[in-house]
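*Asks:* Take a look at the following structure, please.
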Amino acid sequence: MKYFILNNGIKMPVIGLGTFPMKRLELFKVFFQATSCGYTSFDTSSAYGNERWLGLAQWISRKQRDKLFFSTKLSNAQQREGNIRKALENSLKLLKLDYIDLYLMHWPNPETYLKSWKEMEKLYEEKLIRAIGVCNFHEHHLNKLFSVANIIPAVNQIELHPLLSQKSLINFCRKYNIQVEAYSPLARMNEKLIKNKTLIDLSKKYNKTISQIIFRWNYQNNIIVIPKTSHKNRLIENIDFFDFEISSEDIKKIDLINCDFRVRHNPDTCDFTKL
């Protein structure tokens, strides 16, 4: 597995497995399939309701802990409750772990995210977390966070795919050495993406699937991806993008697909009371 180095020096795999909305035996089974295919990074959240099953799977597997990378998230409900330590301790218990590799704030709830970040910093300093980061933060959220933060987020996990390339935000994160991580990298298989002529043509040119073209595009742009699937053939396919390179000319063609199309909530307009 290849890695990117986060701003605090720890290694994070360039691809992980997104686990929403998998639960119970489905997630249990997929964990073993994924690790057999070479996955070492797993992304979950307290809001997904599946930490218990991911934790049970990793505990039974007896996989060497330092060879695995687990990300989980502080939910909006937990932010509103205000006990960030209790939220983390609950995730640790459910995941059957002594520490979390990456703890993310799931959304920039305007009423709570500054205070929540300060509490996350304390938990990081106590070494219960190897890295802390955020999700769904725009530039103005990050700028506001910088006004109170002692620690710059290691990661900003955002919706990112060729229909929503977020170049301005990526460049902003790079300026502050914040690693960008793409969720919904295939736009939930939206037809606007998977039937895009540019991607179809590049798939034929490189003899790779459209998914592999997109993951390689992300990789060459230094973006981590966390696609989700419960099918073993797709697990194998999704991780197989290290044996070719997309030309700079073709990278630009993919960049031009952008139309600012979202499949998930915009953090500037969503209703945080329902997330």
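Identifiers in the structure tokens: chain A, B, ... in order shown; residue index from 1 per chain; ligand index from 1 in order shown.
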Can you tell me, as a list in words, what residues are no more than 10 Å from Leu193 in chain A when counting only C-alpha atoms, ignoring any on the same chain fewer than 5 positions away?

*Replies:*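 Returned residues: His161, Pro162, Leu163, Leu186, Ala187, Arg188, Thr198, Leu199, Ile200, Ile210, Ser211, Ile214, Ile257 and Asn258 of chain A.
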
*Asks:* Looking only at strand (DSSP E or B) from DSSP on the backbone, list the matching residues of range 62-210 of chain A as a VMD selection string.

*Replies:* chain A and resid 69 to 74 100 to 105 129 to 135 155 to 159 161 164 179 to 183

*Asks:* So how many Å separate CA of Phe70 in chain A and CA of Lys115 in chain A, to one decimal?

*Replies:*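 Value for the CA of Phe70 in chain A-CA of Lys115 in chain A distance: 23.9 Å.
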
*Asks:* Using only C-alpha atoms, pick whichever of A:Val134, A:Met105, A:Cys270, A:Ile194 has the shortest atom-to-atom distance to Val155 in chain A.

*Replies:*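 The closest residue to Val155 in chain A is A:Val134.
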
*Asks:* Tell me which of A:Tyr206, A:Phe215, A:Trp117, A:Tyr103 sits closest to Asp250 in chain A, counting only C-alpha atoms.

*Replies:*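 Closest to Asp250 in chain A of all the choices is A:Tyr206.
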
*Asks:* Which residues, written as a list of chain:residue names, have at least one atom at most 10 Å from Ser168 in chain A, with only C-alpha atoms counted and residues fewer than 5 positions away on the same chain left out?

*Replies:*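 Neighbouring residues, sequence-local ones excluded: A:His138, A:Glu139, A:Cys173, A:Arg174.
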
*Asks:* Restricting it to N, CA and C atoms, dump the selection as an mmCIF file, in the first residue's frame.

*Replies:*
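Wrote part_11.cif, looks like this:
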data_model
loop_
_atom_site.group_PDB
_atom_site.id
_atom_site.type_symbol
_atom_site.label_atom_id
_atom_site.label_comp_id
_atom_site.auth_asym_id
_atom_site.auth_seq_id
_atom_site.Cartn_x
_atom_site.Cartn_y
_atom_site.Cartn_z
ATOM 1 N N HIS A 138 -15.363 24.265 4.172
ATOM 2 C CA HIS A 138 -14.991 25.200 3.119
ATOM 3 C C HIS A 138 -13.842 26.076 3.624
ATOM 4 N N GLU A 139 -13.349 26.937 2.741
ATOM 5 C CA GLU A 139 -12.245 27.819 3.124
ATOM 6 C C GLU A 139 -12.614 28.708 4.319
ATOM 7 N N CYS A 173 -6.117 24.173 0.888
ATOM 8 C CA CYS A 173 -5.630 23.156 1.837
ATOM 9 C C CYS A 173 -4.141 22.896 1.646
ATOM 10 N N ARG A 174 -3.689 22.864 0.407
ATOM 11 C CA ARG A 174 -2.262 22.644 0.157
ATOM 12 C C ARG A 174 -1.412 23.771 0.751
#

*Asks:* What are the closest atom pairs, with distances in Å to one decimal, for each residue of range 16-74 of chain A lying within 12 Å of range 78-92 of chain A, using only C-alpha atoms, rows by chain and rising residue number, as a tab-separated table?

*Replies:*
residue	atom	partner	partner_atom	distance
A:Thr44	CA	A:Ser91	CA	10.0
A:Ser45	CA	A:Ser91	CA	8.4
A:Ser46	CA	A:Ser91	CA	6.7
A:Ala47	CA	A:Gln78	CA	9.0
A:Tyr48	CA	A:Ser91	CA	11.4
A:Gly49	CA	A:Ser91	CA	10.3
A:Asn50	CA	A:Ser91	CA	10.2
A:Glu51	CA	A:Ser91	CA	6.9
A:Arg52	CA	A:Ser91	CA	8.4
A:Trp53	CA	A:Ser91	CA	11.6
A:Leu54	CA	A:Ser91	CA	10.8
A:Gly55	CA	A:Leu92	CA	8.7
A:Leu56	CA	A:Leu92	CA	11.8
A:Phe70	CA	A:Leu92	CA	10.5
A:Ser71	CA	A:Ser91	CA	10.3
A:Thr72	CA	A:Ser91	CA	7.6
A:Lys73	CA	A:Leu88	CA	8.6
A:Leu74	CA	A:Gln78	CA	6.3

*Asks:* Could you pull the residues within 7 Å of range 180-185 of chain A, counting only C-alpha atoms, minus those fewer than 5 positions along the same chain, as a count of residues only?

*Replies:* 13
